[in-house]
Amino acid sequence: MNTVCVDASRPYEVKIGRGLLATIGAEAAQITDGQVLVVSDENVAPLYLSQVVENLRKSGLTVSSVSVPAGESSKSVEYYVNLLNLLAAKRLTRSDAVIALGGGVVGDLAGFAAATYLRGIPVIQIPTTLLAMVDSSVGGKTAIDLPAGKNLVGAFHQPSLVLCDPDALSTLPQDVFRDGCAEVVKTAVLFDRDLFDHLREYGMDFDREAVIARCVAHKRDVVCRDEFDTGERQLLNLGHTVGHAIEKCSNFAVSHGRAVAVGTAIMARAFSEDADAIVSVLREFGLPTETEFSPEELAHAALADKKRSGDTLALVVPERVGRASIKRIPVGELLTVIKAGF
């Protein structure tokens, strides 16, 4: 097992290892001796919810659960308010906890509800997708979507614990696993030439536990230096400005990972001396590097991006593998950048 300690405003551990799902009762009992509400989705719940609930109850906790529809549509005001009302109906207190069992959507929704109910109660993240393990479950960003764009309503709320069990990845559909690979490649492009070379050598057969731990450690380092996303942490948005625009243009028919892969490829072609290698690795993982949407459509959709500040936009520039910078450009120049990366 690997343990990554995150020394944020609320310190916590990210534990990575096979079989950790079976330890959730003992782990949760270290955080609360009262109630827990397990939030999952309709894809994950049939696989793991009964096991998690039984394990929690054996540890003496009072447990209830709820499942939301799978997919981005659950990150909505409607499901957020429903979840708050359920927390109130169950009379959870600040000494109780929410457990997010699922991928990034469940983690964001449950995390935001925990962040805002009673001005904040503990949340335990149990990510079941590669994308959530290496990225969204760590760092305390929680959010829901508005019709105008993704993640426009949210809060920083660090989890009390993150448990990553790579065994859960065995039940993932191949396409969903590849989505997570986009975030793994993104991390390597940003920070880690050795990790990039490992991915290039082993492809889909990479060392899952070791790679997850390495990605989490990189994110930990950035979060601890810039917890509230005012500077360096924005590097983690590589590919996301264009990626979120692709998601919006497709009405979320294009998954987050695939959209970020395209966004990363566009930024690499526009700026990086290692563009060919980056695009090649993305393709090696079966990820797209082009989109059917025009540069004009993407630039227009990106205007609602939360990384915009007035008339400027923060873009992450991948200079070469292992080195990136943040470049603030006038909004009017985004179209030129996207065209350069097409």
# chains A, B, ... in the order shown; residues from 1 in each chain; ligands from 1
>>> closest_atom_pairs(of="region 215-317 of chain A", to="region 12-22 of chain A", cutoff="12 Å", atoms="only C-alpha atoms", output="tab-separated table")
residue	atom	partner	partner_atom	distance
A:Cys215	CA	A:Ile16	CA	11.3
A:Val216	CA	A:Val14	CA	8.0
A:Ala217	CA	A:Val14	CA	9.3
A:Lys219	CA	A:Val14	CA	11.2
A:Arg220	CA	A:Val14	CA	9.5
A:Cys224	CA	A:Tyr12	CA	11.6
>>> residues_around(residues="Ser76 (chain A)", least_positions_apart="3", cutoff="6 Å", atoms="only C-alpha atoms", output="list in words")
Tyr79, Ile144 and Asp145 of chain A
>>> select_by_dssp(residues="region 18-231 of chain A", states="helix (DSSP H, G or I)", output="MDAnalysis selection string")
chainID A and resid 20:29 45:58 72:74 77:89 104:119 130:136 166:171 174:191 193:205 208:225
>>> closest_residue(among="A:Lys339, A:Pro147, A:Met1, A:Leu190", to="Ile212 (chain A)", atoms="only C-alpha atoms")
A:Met1
>>> residues_around(residues="Asp274 (chain A)", least_positions_apart="2", cutoff="7 Å", atoms="only C-alpha atoms", output="ChimeraX atom specification")
/A:272,276-278,320-321
>>> write_last_selection(atoms="N, CA, C and O atoms", output="short mmCIF file (atom, residue, chain, number, x, y, z; two decimals), in the first residue's frame")
data_model
loop_
_atom_site.label_atom_id
_atom_site.label_comp_id
_atom_site.auth_asym_id
_atom_site.auth_seq_id
_atom_site.Cartn_x
_atom_site.Cartn_y
_atom_site.Cartn_z
N SER A 272 4.12 23.20 -27.71
CA SER A 272 5.16 22.35 -27.15
C SER A 272 6.19 21.87 -28.16
O SER A 272 5.83 21.46 -29.27
N ASP A 276 4.72 16.16 -30.95
CA ASP A 276 4.53 14.87 -31.62
C ASP A 276 4.51 13.72 -30.62
O ASP A 276 3.69 12.80 -30.73
N ALA A 277 5.41 13.76 -29.64
CA ALA A 277 5.46 12.70 -28.63
C ALA A 277 4.21 12.70 -27.76
O ALA A 277 3.65 11.64 -27.44
N ILE A 278 3.73 13.88 -27.39
CA ILE A 278 2.53 13.97 -26.55
C ILE A 278 1.32 13.44 -27.29
O ILE A 278 0.55 12.63 -26.76
N ARG A 320 7.44 21.72 -22.81
CA ARG A 320 7.98 20.41 -23.18
C ARG A 320 7.55 19.43 -22.09
O ARG A 320 7.03 19.85 -21.05
N VAL A 321 7.76 18.13 -22.31
CA VAL A 321 7.36 17.16 -21.30
C VAL A 321 8.11 17.43 -20.00
O VAL A 321 9.34 17.52 -19.98
#
>>> residues_around(residues="Gly104 (chain A)", least_positions_apart="4", cutoff="10 Å", atoms="only C-alpha atoms", output="PDB file with N, CA and C atoms, in the first residue's frame")
ATOM      1  N   GLY A  71     -23.497   9.915 -14.675  1.00  0.00           N
ATOM      2  CA  GLY A  71     -23.273  10.917 -15.712  1.00  0.00           C
ATOM      3  C   GLY A  71     -23.312  12.342 -15.205  1.00  0.00           C
ATOM      4  N   GLU A  72     -22.846  13.246 -16.048  1.00  0.00           N
ATOM      5  CA  GLU A  72     -22.669  14.656 -15.694  1.00  0.00           C
ATOM      6  C   GLU A  72     -23.967  15.337 -15.292  1.00  0.00           C
ATOM      7  N   LYS A  75     -24.637  16.369 -11.688  1.00  0.00           N
ATOM      8  CA  LYS A  75     -23.965  17.515 -11.057  1.00  0.00           C
ATOM      9  C   LYS A  75     -24.792  18.771 -11.309  1.00  0.00           C
ATOM     10  N   ALA A 100     -18.378   9.583  -0.493  1.00  0.00           N
ATOM     11  CA  ALA A 100     -18.588   9.624  -1.944  1.00  0.00           C
ATOM     12  C   ALA A 100     -18.002   8.352  -2.542  1.00  0.00           C
ATOM     13  N   ASP A 108     -17.662  15.130  -6.807  1.00  0.00           N
ATOM     14  CA  ASP A 108     -17.948  16.567  -6.844  1.00  0.00           C
ATOM     15  C   ASP A 108     -19.265  16.902  -6.162  1.00  0.00           C
ATOM     16  N   LEU A 109     -20.310  16.136  -6.498  1.00  0.00           N
ATOM     17  CA  LEU A 109     -21.640  16.407  -5.952  1.00  0.00           C
ATOM     18  C   LEU A 109     -21.674  16.190  -4.450  1.00  0.00           C
ATOM     19  N   ALA A 110     -21.213  15.029  -4.008  1.00  0.00           N
ATOM     20  CA  ALA A 110     -21.232  14.720  -2.574  1.00  0.00           C
ATOM     21  C   ALA A 110     -20.296  15.649  -1.812  1.00  0.00           C
ATOM     22  N   GLN A 125     -13.673  10.356   0.464  1.00  0.00           N
ATOM     23  CA  GLN A 125     -13.744  10.052  -0.962  1.00  0.00           C
ATOM     24  C   GLN A 125     -13.270   8.615  -1.215  1.00  0.00           C
ATOM     25  N   PRO A 127     -12.885   6.915  -4.564  1.00  0.00           N
ATOM     26  CA  PRO A 127     -12.989   6.969  -6.025  1.00  0.00           C
ATOM     27  C   PRO A 127     -12.949   5.568  -6.632  1.00  0.00           C
ATOM     28  N   THR A 128     -13.796   5.341  -7.617  1.00  0.00           N
ATOM     29  CA  THR A 128     -13.854   4.028  -8.267  1.00  0.00           C
ATOM     30  C   THR A 128     -13.453   4.095  -9.734  1.00  0.00           C
ATOM     31  N   THR A 129     -13.055   5.266 -10.208  1.00  0.00           N
ATOM     32  CA  THR A 129     -12.539   5.401 -11.571  1.00  0.00           C
ATOM     33  C   THR A 129     -11.093   5.880 -11.501  1.00  0.00           C
ATOM     34  N   LEU A 130     -10.344   5.594 -12.547  1.00  0.00           N
ATOM     35  CA  LEU A 130      -8.955   6.047 -12.589  1.00  0.00           C
ATOM     36  C   LEU A 130      -8.883   7.568 -12.560  1.00  0.00           C
ATOM     37  N   LEU A 131      -9.766   8.226 -13.296  1.00  0.00           N
ATOM     38  CA  LEU A 131      -9.765   9.686 -13.339  1.00  0.00           C
ATOM     39  C   LEU A 131      -9.951  10.274 -11.943  1.00  0.00           C
ATOM     40  N   ALA A 132     -10.894   9.711 -11.187  1.00  0.00           N
ATOM     41  CA  ALA A 132     -11.137  10.234  -9.843  1.00  0.00           C
ATOM     42  C   ALA A 132      -9.974   9.917  -8.911  1.00  0.00           C
ATOM     43  N   MET A 133      -9.355   8.747  -9.078  1.00  0.00           N
ATOM     44  CA  MET A 133      -8.241   8.375  -8.205  1.00  0.00           C
ATOM     45  C   MET A 133      -7.054   9.311  -8.381  1.00  0.00           C
ATOM     46  N   ASP A 135      -7.017  12.323  -9.836  1.00  0.00           N
ATOM     47  CA  ASP A 135      -7.260  13.758  -9.946  1.00  0.00           C
ATOM     48  C   ASP A 135      -8.363  14.269  -9.036  1.00  0.00           C
ATOM     49  N   SER A 136      -9.618  13.998  -9.372  1.00  0.00           N
ATOM     50  CA  SER A 136     -10.702  14.779  -8.774  1.00  0.00           C
ATOM     51  C   SER A 136     -10.952  14.493  -7.305  1.00  0.00           C
ATOM     52  N   SER A 137     -10.562  13.308  -6.801  1.00  0.00           N
ATOM     53  CA  SER A 137     -10.823  13.002  -5.388  1.00  0.00           C
ATOM     54  C   SER A 137      -9.836  13.684  -4.447  1.00  0.00           C
ATOM     55  N   THR A 142     -14.706  20.954  -5.088  1.00  0.00           N
ATOM     56  CA  THR A 142     -16.043  20.365  -5.216  1.00  0.00           C
ATOM     57  C   THR A 142     -16.905  21.338  -6.012  1.00  0.00           C
ATOM     58  N   HIS A 256     -15.375  13.640 -20.132  1.00  0.00           N
ATOM     59  CA  HIS A 256     -14.380  14.588 -19.648  1.00  0.00           C
ATOM     60  C   HIS A 256     -12.968  14.181 -20.070  1.00  0.00           C
TER      61      HIS A 256
END
